[in-house]
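Enquirer: my_file_4.csv is the file, holding CSV, C-alpha atoms:
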chain,number,residue,atom,x,y,z
K,701,MET,CA,-84.9,74.2,-24.7
K,702,LEU,CA,-82.7,77.4,-24.5
K,703,TYR,CA,-81.6,78.9,-21.2
K,704,ARG,CA,-80.5,82.3,-20.0
K,705,LYS,CA,-78.7,83.4,-16.8
K,706,LEU,CA,-81.4,85.1,-14.6
K,707,GLY,CA,-80.0,88.5,-13.8
K,708,SER,CA,-77.2,88.5,-11.3
K,709,THR,CA,-78.2,85.2,-9.9
K,710,LYS,CA,-76.3,82.0,-10.7
K,711,GLU,CA,-79.5,80.3,-12.0
K,712,GLU,CA,-79.7,79.2,-15.7
K,713,VAL,CA,-83.4,79.2,-16.4
K,714,SER,CA,-85.5,78.1,-19.4
K,715,ILE,CA,-86.5,81.0,-21.6
K,716,LEU,CA,-90.1,79.6,-21.4
K,717,GLY,CA,-91.6,79.6,-17.9
K,718,PHE,CA,-94.7,77.8,-17.0
K,719,GLY,CA,-97.3,80.2,-15.4
K,720,CYS,CA,-99.8,78.3,-13.3
K,721,MET,CA,-102.6,80.8,-13.3
K,722,ARG,CA,-104.6,79.4,-16.2
K,723,LEU,CA,-104.4,75.6,-15.7
K,724,PRO,CA,-107.3,73.5,-17.1
K,725,VAL,CA,-110.3,73.3,-14.9
K,726,LEU,CA,-113.4,71.2,-14.5
K,727,ASP,CA,-117.0,72.6,-14.7
K,728,ASP,CA,-115.7,76.1,-15.5
K,729,LYS,CA,-114.8,76.5,-11.8
K,730,PRO,CA,-111.4,78.2,-11.2
K,731,ASP,CA,-110.7,76.4,-8.0
K,732,LYS,CA,-111.4,73.0,-9.5
K,733,ILE,CA,-108.2,72.2,-11.4
K,734,ASP,CA,-108.2,69.2,-13.7
K,735,ASN,CA,-105.4,67.6,-11.8
K,736,LYS,CA,-104.8,64.7,-14.1
K,737,LEU,CA,-104.5,66.9,-17.3
K,738,ALA,CA,-102.6,69.7,-15.5
K,739,THR,CA,-100.1,67.3,-14.0
K,740,SER,CA,-99.4,65.7,-17.4
K,741,MET,CA,-98.8,69.2,-18.8
K,742,ILE,CA,-96.4,70.2,-16.0
K,743,HIS,CA,-94.5,66.9,-16.4
K,744,TYR,CA,-94.3,67.2,-20.2
K,745,ALA,CA,-92.9,70.7,-19.8
K,746,ILE,CA,-90.3,69.8,-17.3
K,747,ASP,CA,-89.3,66.6,-19.2
K,748,ASN,CA,-88.7,68.9,-22.2
K,749,GLY,CA,-86.5,71.4,-20.4
K,750,VAL,CA,-88.8,73.9,-18.7
K,751,ASN,CA,-87.3,74.6,-15.3
K,752,TYR,CA,-89.0,77.9,-14.2
K,753,ILE,CA,-92.5,77.3,-12.6
K,754,ASP,CA,-94.5,80.4,-11.5
K,755,THR,CA,-97.5,80.5,-9.2
K,756,ALA,CA,-99.0,82.8,-6.6
K,757,TYR,CA,-101.2,82.6,-3.4
K,758,PRO,CA,-104.5,83.5,-5.1
K,759,TYR,CA,-104.2,81.6,-8.4
K,760,HIS,CA,-107.1,79.3,-9.1
K,761,GLY,CA,-109.1,80.7,-6.2
K,762,ASN,CA,-112.6,82.3,-6.0
K,763,SER,CA,-111.3,85.6,-4.6
K,764,LEU,CA,-108.0,87.4,-4.0
K,765,SER,CA,-108.5,87.3,-0.3
K,766,GLU,CA,-108.4,83.5,-0.1
K,767,GLY,CA,-105.7,81.1,-1.1
K,768,GLY,CA,-106.3,79.4,-4.5
K,769,MET,CA,-105.6,75.9,-5.5
K,770,SER,CA,-102.6,76.4,-7.8
K,771,GLU,CA,-100.0,76.1,-5.0
K,772,VAL,CA,-101.8,73.1,-3.6
K,773,PHE,CA,-101.8,71.5,-7.0
K,774,LEU,CA,-98.1,72.1,-7.6
K,775,GLY,CA,-97.2,70.6,-4.2
K,776,GLU,CA,-98.6,67.3,-5.5
K,777,ALA,CA,-97.6,67.6,-9.1
K,778,LEU,CA,-93.9,68.2,-8.3
K,779,LYS,CA,-93.6,65.0,-6.3
K,780,GLY,CA,-91.5,62.1,-7.7
K,781,GLY,CA,-88.4,64.1,-8.3
K,782,TYR,CA,-89.9,66.9,-10.3
K,783,ARG,CA,-89.4,69.5,-7.5
K,784,GLU,CA,-85.7,69.0,-7.7
K,785,LYS,CA,-85.7,69.7,-11.5
K,786,VAL,CA,-87.2,73.2,-11.3
K,787,THR,CA,-86.8,76.6,-9.8
K,788,LEU,CA,-90.1,77.4,-8.1
K,789,ALA,CA,-91.5,80.9,-7.8
K,790,THR,CA,-94.6,82.1,-5.8
K,791,LYS,CA,-95.8,85.4,-4.5
K,792,LEU,CA,-96.7,87.0,-1.2
K,793,PRO,CA,-100.3,88.4,-1.4
K,794,SER,CA,-99.4,92.0,-0.8
K,795,TRP,CA,-103.0,93.3,-0.6
K,796,ILE,CA,-103.8,91.1,2.4
K,797,ILE,CA,-100.9,92.1,4.7
K,798,GLU,CA,-102.1,94.2,7.6
K,799,ASP,CA,-99.4,93.4,10.3
K,800,LYS,CA,-95.8,92.4,10.1
K,801,LYS,CA,-96.7,89.0,11.6
K,802,ASP,CA,-98.7,88.3,8.4
K,803,PHE,CA,-95.4,88.0,6.4
K,804,GLU,CA,-94.3,84.9,8.3
K,805,PHE,CA,-97.9,83.5,8.4
K,806,TYR,CA,-98.4,83.5,4.7
K,807,LEU,CA,-94.9,82.3,3.8
K,808,ASN,CA,-95.2,79.3,6.1
K,809,GLN,CA,-98.7,78.6,4.7
K,810,GLN,CA,-97.3,78.7,1.2
K,811,LEU,CA,-94.4,76.4,2.1
K,812,ASP,CA,-96.9,73.9,3.4
K,813,ARG,CA,-99.2,74.2,0.4
K,814,LEU,CA,-96.2,73.7,-2.0
K,815,GLN,CA,-94.9,70.8,0.1
K,816,THR,CA,-91.3,72.3,0.0
K,817,ASP,CA,-88.9,73.5,2.6
K,818,LYS,CA,-87.6,76.4,0.4
K,819,ILE,CA,-89.1,78.6,-2.3
K,820,ASP,CA,-86.5,79.5,-4.9
K,821,PHE,CA,-88.0,82.9,-6.0
K,822,TYR,CA,-90.3,84.6,-3.5
K,823,LEU,CA,-91.9,87.7,-5.1
K,824,LEU,CA,-94.0,90.4,-3.5
K,825,HIS,CA,-97.2,90.3,-5.6
K,826,THR,CA,-98.5,93.3,-7.6
K,827,LEU,CA,-96.3,96.1,-6.2
K,828,ASN,CA,-97.6,99.6,-6.9
K,829,ARG,CA,-97.7,103.0,-5.4
K,830,THR,CA,-100.2,101.8,-2.8
K,831,TYR,CA,-99.0,98.4,-1.7
K,832,TRP,CA,-95.2,99.1,-1.6
K,833,PRO,CA,-95.2,101.9,1.0
K,834,LYS,CA,-97.5,99.9,3.2
K,835,LEU,CA,-95.3,96.8,3.0
K,836,GLU,CA,-92.1,98.8,3.5
K,837,ASN,CA,-93.5,100.5,6.6
K,838,LEU,CA,-94.3,97.1,8.0
K,839,GLY,CA,-90.7,95.9,7.6
K,840,VAL,CA,-91.0,93.7,4.6
K,841,THR,CA,-87.2,94.0,3.8
K,842,ASP,CA,-86.3,92.8,7.3
K,843,PHE,CA,-88.7,89.9,6.8
K,844,LEU,CA,-87.1,89.0,3.5
K,845,ASP,CA,-83.6,89.1,5.0
K,846,ALA,CA,-84.8,86.8,7.9
K,847,ALA,CA,-86.5,84.4,5.5
K,848,ILE,CA,-83.2,84.1,3.5
K,849,ALA,CA,-81.2,83.6,6.6
K,850,ASP,CA,-83.7,80.8,7.7
K,851,GLU,CA,-83.3,79.2,4.3
K,852,LYS,CA,-87.1,79.4,3.6
K,853,ILE,CA,-86.5,81.4,0.4
K,854,LYS,CA,-83.4,81.6,-1.9
K,855,TYR,CA,-84.0,84.7,-4.0
K,856,THR,CA,-86.3,87.7,-3.7
K,857,GLY,CA,-88.3,89.8,-6.2
K,858,PHE,CA,-91.6,91.4,-7.0
K,859,SER,CA,-94.2,91.6,-9.7
K,860,PHE,CA,-95.0,95.2,-10.8
K,861,HIS,CA,-98.2,96.8,-11.8
K,862,ASP,CA,-97.8,100.6,-12.0
K,863,ASP,CA,-96.3,103.4,-14.0
K,864,PHE,CA,-92.6,103.5,-14.6
K,865,GLU,CA,-91.9,106.4,-12.2
K,866,VAL,CA,-92.8,104.1,-9.3
K,867,LEU,CA,-90.3,101.4,-10.3
K,868,PRO,CA,-86.9,103.1,-9.4
K,869,GLU,CA,-88.0,103.8,-5.9
K,870,ILE,CA,-88.9,100.1,-5.3
K,871,ILE,CA,-85.7,98.8,-6.9
K,872,SER,CA,-83.4,101.1,-4.9
K,873,ALA,CA,-85.1,100.1,-1.6
K,874,TYR,CA,-83.7,96.5,-1.5
K,875,ASN,CA,-81.2,94.1,-3.1
K,876,TRP,CA,-83.8,92.4,-5.3
K,877,ASP,CA,-82.9,89.4,-7.6
K,878,VAL,CA,-85.8,89.5,-10.1
K,879,CYS,CA,-88.5,91.8,-11.4
K,880,GLN,CA,-91.7,90.5,-13.1
K,881,LEU,CA,-93.2,92.9,-15.6
K,882,GLN,CA,-96.1,92.9,-18.1
K,883,TYR,CA,-94.7,93.3,-21.6
K,884,ASN,CA,-95.4,92.4,-25.2
K,885,TYR,CA,-95.1,94.1,-28.5
K,886,MET,CA,-98.3,96.1,-27.9
K,887,ASP,CA,-97.3,97.1,-24.3
K,888,LYS,CA,-94.0,98.9,-24.9
K,889,ASN,CA,-95.4,102.0,-23.1
K,890,TYR,CA,-97.9,100.3,-20.8
K,891,GLN,CA,-97.1,100.3,-17.0
K,892,ALA,CA,-93.3,99.9,-16.6
K,893,GLY,CA,-92.9,99.3,-20.4
K,894,ILE,CA,-89.7,99.2,-22.2
K,895,ASP,CA,-88.1,101.8,-19.9
K,896,GLY,CA,-88.9,99.7,-16.9
K,897,LEU,CA,-87.5,96.6,-18.6
K,898,ARG,CA,-84.2,98.3,-19.4
K,899,TYR,CA,-83.9,99.9,-16.0
K,900,ALA,CA,-84.5,96.7,-14.1
K,901,SER,CA,-82.0,94.8,-16.3
K,902,ASP,CA,-79.4,97.5,-16.0
K,903,GLN,CA,-79.7,97.3,-12.2
K,904,GLY,CA,-78.8,93.6,-12.4
K,905,LEU,CA,-82.2,92.2,-11.8
K,906,GLY,CA,-83.4,89.2,-13.7
K,907,VAL,CA,-86.4,90.2,-15.9
K,908,VAL,CA,-89.4,87.9,-16.0
K,909,VAL,CA,-92.1,88.9,-18.5
K,910,MET,CA,-95.8,88.1,-18.0
K,911,GLU,CA,-98.7,88.6,-20.4
K,912,PRO,CA,-96.7,87.9,-23.6
K,913,LEU,CA,-99.9,87.4,-25.5
K,914,LYS,CA,-101.7,90.2,-23.7
K,915,GLY,CA,-104.1,87.8,-22.0
K,916,GLY,CA,-104.5,85.8,-25.2
K,917,VAL,CA,-105.7,88.7,-27.5
K,918,LEU,CA,-102.6,88.6,-29.6
K,919,ALA,CA,-103.3,84.9,-30.4
K,920,ASN,CA,-107.1,84.7,-30.6
K,921,ASN,CA,-109.6,86.4,-33.0
K,922,VAL,CA,-106.7,88.0,-34.9
K,923,PRO,CA,-108.2,90.6,-37.3
K,924,LEU,CA,-107.9,89.8,-41.0
K,925,GLU,CA,-105.8,92.9,-41.5
K,926,VAL,CA,-103.3,91.7,-39.0
K,927,GLN,CA,-103.2,88.2,-40.3
K,928,SER,CA,-102.5,89.5,-43.8
K,929,ILE,CA,-99.4,91.1,-42.4
K,930,TRP,CA,-98.2,87.9,-40.8
K,931,ASP,CA,-98.9,86.1,-44.1
K,932,MET,CA,-96.4,88.4,-45.9
K,933,ALA,CA,-93.5,86.9,-43.9
K,934,GLU,CA,-90.9,84.8,-45.8
K,935,ILE,CA,-90.9,82.4,-42.9
K,936,LYS,CA,-94.4,81.6,-41.9
K,937,ARG,CA,-95.2,81.8,-38.2
K,938,THR,CA,-98.4,81.8,-36.1
K,939,PRO,CA,-99.4,85.0,-34.2
K,940,VAL,CA,-98.3,83.2,-31.0
K,941,GLU,CA,-94.9,82.6,-32.4
K,942,TRP,CA,-94.5,86.2,-33.5
K,943,ALA,CA,-95.4,87.4,-30.0
K,944,PHE,CA,-92.9,85.1,-28.3
K,945,ARG,CA,-90.1,85.6,-30.8
K,946,TYR,CA,-90.4,89.3,-30.4
K,947,LEU,CA,-89.7,88.9,-26.7
K,948,TRP,CA,-87.0,86.4,-26.9
K,949,ASP,CA,-85.2,88.5,-29.5
K,950,ASP,CA,-84.4,90.9,-26.6
K,951,PRO,CA,-81.3,89.7,-24.7
K,952,GLN,CA,-82.5,91.7,-21.6
K,953,ILE,CA,-85.5,89.4,-21.2
K,954,ASP,CA,-84.6,86.3,-19.2
K,955,VAL,CA,-87.9,84.3,-18.9
K,956,VAL,CA,-91.2,84.6,-20.7
K,957,LEU,CA,-94.1,83.2,-18.7
K,958,SER,CA,-96.9,81.5,-20.5
K,959,GLY,CA,-100.2,80.6,-18.7
K,960,MET,CA,-100.8,77.4,-20.6
K,961,SER,CA,-104.2,75.8,-20.5
K,962,SER,CA,-103.9,72.7,-22.7
K,963,ILE,CA,-101.2,70.1,-23.6
K,964,GLU,CA,-101.4,71.5,-27.2
K,965,GLN,CA,-100.3,74.9,-26.0
K,966,VAL,CA,-97.4,73.4,-24.0
K,967,VAL,CA,-96.2,71.4,-27.0
K,968,GLU,CA,-96.5,74.4,-29.3
K,969,ASN,CA,-94.7,76.8,-26.9
K,970,ILE,CA,-91.8,74.5,-26.2
K,971,LYS,CA,-91.3,74.1,-30.0
K,972,ILE,CA,-91.4,77.8,-30.5
K,973,ALA,CA,-88.9,78.3,-27.6
K,974,ASP,CA,-86.3,76.1,-29.5
K,975,GLU,CA,-85.8,79.1,-31.9
K,976,GLY,CA,-85.9,81.8,-29.3
K,977,HIS,CA,-82.3,83.1,-29.6
K,978,PRO,CA,-81.5,86.7,-28.8
K,979,ASN,CA,-81.1,89.1,-31.8
K,980,SER,CA,-82.3,86.5,-34.2
K,981,LEU,CA,-85.1,88.4,-35.9
K,982,THR,CA,-84.3,90.1,-39.2
K,983,PHE,CA,-84.9,93.7,-39.9
K,984,ASP,CA,-87.8,92.8,-42.2
K,985,GLU,CA,-89.4,90.6,-39.5
K,986,LYS,CA,-89.2,93.4,-36.9
K,987,ASP,CA,-90.8,95.7,-39.5
K,988,LEU,CA,-93.7,93.2,-39.9
K,989,ILE,CA,-94.2,93.3,-36.1
K,990,ARG,CA,-94.3,97.1,-36.2
K,991,GLU,CA,-96.9,96.9,-39.0
K,992,ALA,CA,-99.0,94.5,-37.0
K,993,LYS,CA,-98.8,96.8,-34.0
K,994,TYR,CA,-99.8,99.8,-36.2
K,995,GLU,CA,-102.8,97.9,-37.6
K,996,TYR,CA,-104.0,97.2,-34.1
K,997,ARG,CA,-103.5,100.8,-33.1
K,998,GLN,CA,-105.6,101.9,-36.1
K,999,ARG,CA,-108.5,100.2,-34.3
K,1000,ILE,CA,-108.2,102.5,-31.3
K,1001,LYS,CA,-111.5,104.1,-30.3
K,1002,VAL,CA,-110.3,106.9,-28.1
K,1003,GLY,CA,-107.3,109.1,-28.8
K,1004,CYS,CA,-106.1,109.0,-25.2
K,1005,THR,CA,-102.3,109.0,-24.9
K,1006,GLY,CA,-102.3,108.3,-21.1
K,1007,CYS,CA,-100.6,111.7,-20.4
K,1008,GLY,CA,-102.6,112.2,-17.2
K,1009,TYR,CA,-103.4,115.9,-17.7
K,1010,CYS,CA,-107.0,115.0,-17.0
K,1011,MET,CA,-106.0,113.8,-13.5
K,1012,PRO,CA,-106.9,113.9,-10.7
K,1013,CYS,CA,-110.5,113.6,-11.4
K,1014,PRO,CA,-112.7,115.4,-8.8
K,1015,SER,CA,-114.9,112.3,-8.6
K,1016,GLY,CA,-112.0,109.8,-8.4
K,1017,VAL,CA,-112.4,108.3,-11.8
K,1018,ASP,CA,-109.1,106.8,-13.1
K,1019,ILE,CA,-109.7,108.3,-16.6
K,1020,PRO,CA,-106.6,107.0,-18.5
K,1021,HIS,CA,-107.0,103.4,-17.3
K,1022,VAL,CA,-110.8,103.5,-17.9
K,1023,LEU,CA,-110.2,104.7,-21.5
K,1024,ASN,CA,-107.5,102.2,-22.0
K,1025,GLN,CA,-109.9,99.4,-21.4
K,1026,LEU,CA,-112.4,100.9,-23.8
K,1027,ASN,CA,-109.6,100.9,-26.5
K,1028,HIS,CA,-108.8,97.3,-25.6
K,1029,PHE,CA,-112.5,96.4,-26.2
K,1030,TYR,CA,-112.3,97.7,-29.8
K,1031,MET,CA,-108.6,97.0,-30.7
K,1032,PHE,CA,-108.8,93.3,-30.0
K,1033,ASP,CA,-112.5,92.6,-30.4
K,1034,ASP,CA,-112.3,91.2,-26.9
K,1035,PRO,CA,-115.4,92.3,-24.9
K,1036,SER,CA,-115.0,89.7,-22.1
K,1037,GLY,CA,-111.3,90.4,-21.7
K,1038,ALA,CA,-111.7,94.1,-21.6
K,1039,ARG,CA,-114.6,93.8,-19.1
K,1040,SER,CA,-112.5,91.4,-16.9
K,1041,HIS,CA,-109.6,93.8,-16.9
K,1042,TYR,CA,-111.9,96.7,-16.1
K,1043,TYR,CA,-113.3,95.1,-13.0
K,1044,GLY,CA,-110.0,93.4,-12.0
K,1045,ILE,CA,-107.7,96.4,-12.3
K,1046,LEU,CA,-109.9,99.3,-11.3
K,1047,LYS,CA,-111.4,99.9,-7.8
K,1048,GLU,CA,-115.1,100.6,-7.6
K,1049,SER,CA,-114.3,104.3,-6.8
K,1050,GLU,CA,-112.2,104.6,-10.0
K,1051,ARG,CA,-114.8,103.4,-12.5
K,1052,ALA,CA,-116.6,105.4,-15.1
K,1053,ILE,CA,-119.9,105.2,-13.3
K,1054,ASN,CA,-118.6,107.8,-10.8
K,1055,CYS,CA,-118.3,110.6,-13.5
K,1056,THR,CA,-120.4,113.6,-12.6
K,1057,GLU,CA,-119.9,115.3,-16.0
K,1058,CYS,CA,-118.2,118.3,-14.3
K,1059,GLY,CA,-116.0,118.8,-17.5
K,1060,GLU,CA,-112.8,119.6,-15.7
K,1061,CYS,CA,-111.0,116.7,-17.5
K,1062,GLU,CA,-112.0,117.9,-21.0
K,1063,LYS,CA,-110.6,121.4,-20.2
K,1064,GLN,CA,-107.2,119.9,-19.5
K,1065,CYS,CA,-107.0,117.3,-22.2
K,1066,PRO,CA,-104.4,118.3,-24.8
K,1067,GLN,CA,-105.8,115.7,-27.3
K,1068,GLY,CA,-109.3,117.1,-27.2
K,1069,VAL,CA,-110.8,113.8,-26.3
K,1070,SER,CA,-114.5,113.8,-25.6
K,1071,ILE,CA,-113.9,112.2,-22.2
K,1072,ILE,CA,-117.4,112.5,-20.8
K,1073,LYS,CA,-118.9,110.8,-23.9
K,1074,SER,CA,-116.3,108.0,-23.7
K,1075,LEU,CA,-116.9,107.4,-20.0
K,1076,LYS,CA,-120.6,107.1,-20.8
K,1077,GLU,CA,-119.8,104.5,-23.4
K,1078,VAL,CA,-117.7,102.6,-20.9
K,1079,VAL,CA,-120.7,102.4,-18.6
K,1080,GLU,CA,-122.8,101.2,-21.5
K,1081,LYS,CA,-120.3,98.5,-22.6
K,1082,PHE,CA,-119.1,97.3,-19.2
K,1083,GLY,CA,-121.9,98.2,-16.8
K,1084,SER,CA,-121.5,99.9,-13.4
Can I see the file as structure tokens?

Expert:
Amino acid sequence: MLYRKLGSTKEEVSILGFGCMRLPVLDDKPDKIDNKLATSMIHYAIDNGVNYIDTAYPYHGNSLSEGGMSEVFLGEALKGGYREKVTLATKLPSWIIEDKKDFEFYLNQQLDRLQTDKIDFYLLHTLNRTYWPKLENLGVTDFLDAAIADEKIKYTGFSFHDDFEVLPEIISAYNWDVCQLQYNYMDKNYQAGIDGLRYASDQGLGVVVMEPLKGGVLANNVPLEVQSIWDMAEIKRTPVEWAFRYLWDDPQIDVVLSGMSSIEQVVENIKIADEGHPNSLTFDEKDLIREAKYEYRQRIKVGCTGCGYCMPCPSGVDIPHVLNQLNHFYMFDDPSGARSHYYGILKESERAINCTECGECEKQCPQGVSIIKSLKEVVEKFGS
């Protein structure tokens, strides 16, 4: 296992982190973790050098408003000396917080669930332009200072889900230690993107990357046209390996999280991580990745660039994000994933069903996209 220094902290962390959001379950029920199998996976990973374990309050639950079973599982799985071998990260459920007393309430609950007296990395979950001002006004930075002083948490951070322009304000508001971003070779310009990654790292924050396989679509159902590109490589690698190696090639990425669901995935990812040195890909290999990205882009259905000229929609539809999920549907041949993202990311008021066909968006679109027609297709593909 290879290790990197996590930002300005003194922690040396494995370049592969174990994300505990997609553990194996029984009877297809998210809150019914297969404890025996999942424990063997966690132990194998730690025994083979993985020392960054990531979870969150709602993981493996039935709703975002209730605590899931991931933290409870880890509290048991890390017994027998395993807790001392890892840095443990979990997240405050930002969307639930209504009062400053809630900060302490949820932290204490998470400490109990994880059966630990200190959380190494405590992140504010899913910060965006809505949640951050609310938490800041309730005094979240004072809470974090107090939690550090009380030795309930060691380091602070946040996971981020918004456009780049929101990121600098959050980073400048507190002395954060880590920032968790969605990033992969297809998402260089999605949410914070490459600009956010560079900015966070330059500010001294440790950079933790989530969704390295874009929810699995870069590994599963790979189009023949993309696979033919990978087959051209002098050194043969799986699509999974190409995706991970792309990230680890960047010295400003400290940890790549993988939500592993089987022991086979754990074994494979650890093996791939053995070669994850920074600046280790050749020019030709980087060119192959660019070609694969181009091939995926050729499958785009709607020519939306996400410029936002169509916004705000008079009816409240989040047009760029809606059209992004329609493109996801076609690019990756992933109907269930696109539908899941559509309902998971967008509020009911932001979905395509609310379009009244006023036409204001099409008047402003510099790309000439038939937005109304595309929104109708979204309703047809995803439902209301």

Enquirer: Counting all atoms listed in the file, which residues of segment 725-759 of chain K sit at most 12 Å from some atom of segment 905-928 of chain K, and what is each one's closest atom pair with its distance in Å to one decimal, listed by chain and rising residue number, as JSON lines?

Expert:
{"residue": "K:Tyr752", "atom": "CA", "partner": "K:Val908", "partner_atom": "CA", "distance": 10.2}
{"residue": "K:Ile753", "atom": "CA", "partner": "K:Val908", "partner_atom": "CA", "distance": 11.6}
{"residue": "K:Asp754", "atom": "CA", "partner": "K:Val908", "partner_atom": "CA", "distance": 10.1}
{"residue": "K:Thr755", "atom": "CA", "partner": "K:Met910", "partner_atom": "CA", "distance": 11.8}

Enquirer: Between atom CA of His861 of chain K and atom CA of Thr826 of chain K, measure the distance and give it in Å to one decimal.

Expert: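 Atom CA of Thr826 of chain K lies 5.5 Å from atom CA of His861 of chain K.
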
Enquirer: Skipping near chain neighbours, those fewer than 6 positions away, what residues fall within 12 Å of Thr982 of chain K using all atoms listed in the file, listed as a compact mmCIF listing (two decimals) with C-alpha atoms, in the frame of the given file?

Expert:
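Result written to selection25.txt:
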# COMPACT_ATOMS: atom_id res chain seq x y z
CA ALA K 933 -93.50 86.90 -43.90
CA GLU K 934 -90.90 84.80 -45.80
CA ILE K 935 -90.90 82.40 -42.90
CA ARG K 945 -90.10 85.60 -30.80
CA TYR K 946 -90.40 89.30 -30.40
CA ASP K 949 -85.20 88.50 -29.50
CA LEU K 988 -93.70 93.20 -39.90
CA ILE K 989 -94.20 93.30 -36.10

Enquirer: Atom CA of Glu711 of chain K to atom CA of Lys854 of chain K: how many Å, to one decimal?

Expert: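 Interatomic distance, atom CA of Glu711 of chain K to atom CA of Lys854 of chain K: 10.9 Å.
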
Enquirer: Restricting the calculation to only C-alpha atoms, which member of K:Leu774, K:Cys879, K:Gly749, K:Tyr757 is positioned closest to Asn735 of chain K?

Expert: K:Leu774

Enquirer: What's around Gly896 of chain K at 10 Å? Count only C-alpha atoms, leave out sequence neighbours fewer than 5 positions away in its own chain, and write the answer as an mmCIF file with C-alpha atoms, in the coordinates of the input.

Expert:
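Okay, part-v3.cif is ready:
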data_model
loop_
_atom_site.group_PDB
_atom_site.id
_atom_site.type_symbol
_atom_site.label_atom_id
_atom_site.label_comp_id
_atom_site.auth_asym_id
_atom_site.auth_seq_id
_atom_site.Cartn_x
_atom_site.Cartn_y
_atom_site.Cartn_z
ATOM 1 C CA PHE K 860 -95.000 95.200 -10.800
ATOM 2 C CA ASP K 863 -96.300 103.400 -14.000
ATOM 3 C CA PHE K 864 -92.600 103.500 -14.600
ATOM 4 C CA GLU K 865 -91.900 106.400 -12.200
ATOM 5 C CA VAL K 866 -92.800 104.100 -9.300
ATOM 6 C CA LEU K 867 -90.300 101.400 -10.300
ATOM 7 C CA PRO K 868 -86.900 103.100 -9.400
ATOM 8 C CA CYS K 879 -88.500 91.800 -11.400
ATOM 9 C CA LEU K 881 -93.200 92.900 -15.600
ATOM 10 C CA GLN K 882 -96.100 92.900 -18.100
ATOM 11 C CA TYR K 883 -94.700 93.300 -21.600
ATOM 12 C CA LYS K 888 -94.000 98.900 -24.900
ATOM 13 C CA ASN K 889 -95.400 102.000 -23.100
ATOM 14 C CA TYR K 890 -97.900 100.300 -20.800
ATOM 15 C CA GLN K 891 -97.100 100.300 -17.000
ATOM 16 C CA SER K 901 -82.000 94.800 -16.300
ATOM 17 C CA ASP K 902 -79.400 97.500 -16.000
ATOM 18 C CA VAL K 907 -86.400 90.200 -15.900
#

Enquirer: List the neighbours of Arg1039 of chain K out to 10 Å using only C-alpha atoms; skip same-chain residues closer than 2 positions along the sequence, and give me the result as a list in words.

Expert: Gln1025, Leu1026, His1028, Phe1029, Asp1034, Pro1035, Ser1036, Gly1037, His1041, Tyr1042, Tyr1043, Gly1044, Val1078, Lys1081, Phe1082 and Gly1083 of chain K

Enquirer: Would you output that residue set with C-alpha atoms, as a CSV table (one decimal), in the coordinates of the input?

Expert:
chain,number,residue,atom,x,y,z
K,1025,GLN,CA,-109.9,99.4,-21.4
K,1026,LEU,CA,-112.4,100.9,-23.8
K,1028,HIS,CA,-108.8,97.3,-25.6
K,1029,PHE,CA,-112.5,96.4,-26.2
K,1034,ASP,CA,-112.3,91.2,-26.9
K,1035,PRO,CA,-115.4,92.3,-24.9
K,1036,SER,CA,-115.0,89.7,-22.1
K,1037,GLY,CA,-111.3,90.4,-21.7
K,1041,HIS,CA,-109.6,93.8,-16.9
K,1042,TYR,CA,-111.9,96.7,-16.1
K,1043,TYR,CA,-113.3,95.1,-13.0
K,1044,GLY,CA,-110.0,93.4,-12.0
K,1078,VAL,CA,-117.7,102.6,-20.9
K,1081,LYS,CA,-120.3,98.5,-22.6
K,1082,PHE,CA,-119.1,97.3,-19.2
K,1083,GLY,CA,-121.9,98.2,-16.8

Enquirer: Please supply segment 876-882 of chain K, rebuilt with N, CA, C and O atoms, as a PDB file, keeping the file's coordinate frame.

Expert:
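part.pdb, freshly written:
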ATOM      1  N   TRP K 876     -82.909  93.343  -4.646  1.00  0.00           N
ATOM      2  CA  TRP K 876     -83.800  92.400  -5.300  1.00  0.00           C
ATOM      3  C   TRP K 876     -82.984  91.505  -6.292  1.00  0.00           C
ATOM      4  O   TRP K 876     -81.956  91.924  -6.818  1.00  0.00           O
ATOM      5  N   ASP K 877     -83.520  90.335  -6.564  1.00  0.00           N
ATOM      6  CA  ASP K 877     -82.900  89.400  -7.600  1.00  0.00           C
ATOM      7  C   ASP K 877     -83.681  89.447  -8.878  1.00  0.00           C
ATOM      8  O   ASP K 877     -83.068  89.360  -9.946  1.00  0.00           O
ATOM      9  N   VAL K 878     -85.023  89.526  -8.835  1.00  0.00           N
ATOM     10  CA  VAL K 878     -85.800  89.500 -10.100  1.00  0.00           C
ATOM     11  C   VAL K 878     -86.958  90.480 -10.021  1.00  0.00           C
ATOM     12  O   VAL K 878     -87.409  90.888  -8.943  1.00  0.00           O
ATOM     13  N   CYS K 879     -87.395  90.851 -11.201  1.00  0.00           N
ATOM     14  CA  CYS K 879     -88.500  91.800 -11.400  1.00  0.00           C
ATOM     15  C   CYS K 879     -89.428  91.176 -12.451  1.00  0.00           C
ATOM     16  O   CYS K 879     -88.948  90.823 -13.529  1.00  0.00           O
ATOM     17  N   GLN K 880     -90.713  91.051 -12.166  1.00  0.00           N
ATOM     18  CA  GLN K 880     -91.700  90.500 -13.100  1.00  0.00           C
ATOM     19  C   GLN K 880     -92.534  91.625 -13.667  1.00  0.00           C
ATOM     20  O   GLN K 880     -93.195  92.328 -12.902  1.00  0.00           O
ATOM     21  N   LEU K 881     -92.537  91.789 -14.989  1.00  0.00           N
ATOM     22  CA  LEU K 881     -93.200  92.900 -15.600  1.00  0.00           C
ATOM     23  C   LEU K 881     -94.172  92.422 -16.718  1.00  0.00           C
ATOM     24  O   LEU K 881     -93.910  91.415 -17.380  1.00  0.00           O
ATOM     25  N   GLN K 882     -95.249  93.176 -16.922  1.00  0.00           N
ATOM     26  CA  GLN K 882     -96.100  92.900 -18.100  1.00  0.00           C
ATOM     27  C   GLN K 882     -95.478  93.561 -19.290  1.00  0.00           C
ATOM     28  O   GLN K 882     -95.163  94.756 -19.284  1.00  0.00           O
TER      29      GLN K 882
END
